[in-house]
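Trainee: The structure's right below; bear with me while I get my questions together.
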Amino acid sequence: MGILEADLQKIHAKGNRPPPGYHAHLGLLYSSIGKLDLVEKEFKTEKELFPESATYMDFLLKKTKL
């Protein structure tokens with residue numbers, strides 16, 4: 001996770017945005033260690049950046065709130 005977080009900072013520092021699925025993947029990793037606040041943040045960011053992912057992100061958000 002640390003590598004993904006560091007790479008995300010590098011991406012933003014260059015003024016770019018991460019590829020589709022980056023925030024979703026990071027959210028799933030956070031989910032595996034129980035950081036639900038970060039899971040929600042990453043899934044919502046993915047949904048905002050890539051609206052076509054909304055259905056899947058909403059599905060994952062519902063699953064994490066169980």
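Scheme for the structure tokens: letters A, B, ... for chains in order shown; per-chain residue numbers from 1; ligand numbers from 1 in order shown.
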Apply DSSP to the backbone of this structure and, from chain A, keep only the residues in helix (DSSP H, G or I); write these as a PyMOL selection string.
Mentor: chain A and resi 2-13+22-32+36-49+51-64
Trainee: Would you save the residues from that selection as a PDB file, in the first residue's frame, using C-alpha atoms?
Mentor:
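As written to disk, part-v1.pdb reads:
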ATOM      1  CA  GLY A   2       2.818   2.356   0.802  1.00  0.00           C
ATOM      2  CA  ILE A   3       4.128   2.106  -2.739  1.00  0.00           C
ATOM      3  CA  LEU A   4       0.698   2.879  -4.216  1.00  0.00           C
ATOM      4  CA  GLU A   5       0.310   5.853  -1.882  1.00  0.00           C
ATOM      5  CA  ALA A   6       3.769   7.168  -2.795  1.00  0.00           C
ATOM      6  CA  ASP A   7       3.106   6.698  -6.493  1.00  0.00           C
ATOM      7  CA  LEU A   8      -0.199   8.530  -6.133  1.00  0.00           C
ATOM      8  CA  GLN A   9       1.636  11.499  -4.626  1.00  0.00           C
ATOM      9  CA  LYS A  10       4.083  11.459  -7.554  1.00  0.00           C
ATOM     10  CA  ILE A  11       1.208  11.345 -10.037  1.00  0.00           C
ATOM     11  CA  HIS A  12      -0.468  14.339  -8.390  1.00  0.00           C
ATOM     12  CA  ALA A  13       2.834  16.234  -8.105  1.00  0.00           C
ATOM     13  CA  TYR A  22      -6.202   3.097  -9.055  1.00  0.00           C
ATOM     14  CA  HIS A  23      -8.327   4.498  -6.244  1.00  0.00           C
ATOM     15  CA  ALA A  24     -10.599   1.453  -6.333  1.00  0.00           C
ATOM     16  CA  HIS A  25      -7.610  -0.848  -5.900  1.00  0.00           C
ATOM     17  CA  LEU A  26      -6.259   1.255  -3.061  1.00  0.00           C
ATOM     18  CA  GLY A  27      -9.707   1.180  -1.440  1.00  0.00           C
ATOM     19  CA  LEU A  28      -9.832  -2.608  -1.646  1.00  0.00           C
ATOM     20  CA  LEU A  29      -6.417  -2.822  -0.001  1.00  0.00           C
ATOM     21  CA  TYR A  30      -7.561  -0.513   2.798  1.00  0.00           C
ATOM     22  CA  SER A  31     -10.611  -2.724   3.198  1.00  0.00           C
ATOM     23  CA  SER A  32      -8.400  -5.754   3.767  1.00  0.00           C
ATOM     24  CA  LEU A  36     -13.049   1.784   6.417  1.00  0.00           C
ATOM     25  CA  ASP A  37     -12.778   5.582   6.465  1.00  0.00           C
ATOM     26  CA  LEU A  38     -10.081   5.397   3.783  1.00  0.00           C
ATOM     27  CA  VAL A  39     -12.037   2.759   1.855  1.00  0.00           C
ATOM     28  CA  GLU A  40     -14.964   5.141   1.513  1.00  0.00           C
ATOM     29  CA  LYS A  41     -12.685   8.033   0.537  1.00  0.00           C
ATOM     30  CA  GLU A  42     -10.938   6.035  -2.201  1.00  0.00           C
ATOM     31  CA  PHE A  43     -14.142   4.561  -3.637  1.00  0.00           C
ATOM     32  CA  LYS A  44     -15.796   7.987  -3.745  1.00  0.00           C
ATOM     33  CA  THR A  45     -12.714   9.477  -5.410  1.00  0.00           C
ATOM     34  CA  GLU A  46     -12.746   6.710  -8.031  1.00  0.00           C
ATOM     35  CA  LYS A  47     -16.430   7.365  -8.666  1.00  0.00           C
ATOM     36  CA  GLU A  48     -15.841  11.114  -9.000  1.00  0.00           C
ATOM     37  CA  LEU A  49     -12.886  10.792 -11.383  1.00  0.00           C
ATOM     38  CA  PRO A  51     -18.247   8.262 -13.426  1.00  0.00           C
ATOM     39  CA  GLU A  52     -18.511   5.072 -15.459  1.00  0.00           C
ATOM     40  CA  SER A  53     -17.354   3.220 -12.333  1.00  0.00           C
ATOM     41  CA  ALA A  54     -20.279   4.522 -10.253  1.00  0.00           C
ATOM     42  CA  THR A  55     -22.328   1.321 -10.288  1.00  0.00           C
ATOM     43  CA  TYR A  56     -19.415  -0.816  -9.128  1.00  0.00           C
ATOM     44  CA  MET A  57     -18.207   1.734  -6.575  1.00  0.00           C
ATOM     45  CA  ASP A  58     -21.725   2.014  -5.122  1.00  0.00           C
ATOM     46  CA  PHE A  59     -21.841  -1.786  -4.879  1.00  0.00           C
ATOM     47  CA  LEU A  60     -18.509  -1.883  -3.042  1.00  0.00           C
ATOM     48  CA  LEU A  61     -19.523   0.987  -0.753  1.00  0.00           C
ATOM     49  CA  LYS A  62     -22.665  -0.910   0.266  1.00  0.00           C
ATOM     50  CA  LYS A  63     -20.646  -4.066   0.944  1.00  0.00           C
ATOM     51  CA  THR A  64     -18.182  -2.243   3.181  1.00  0.00           C
TER      52      THR A  64
END
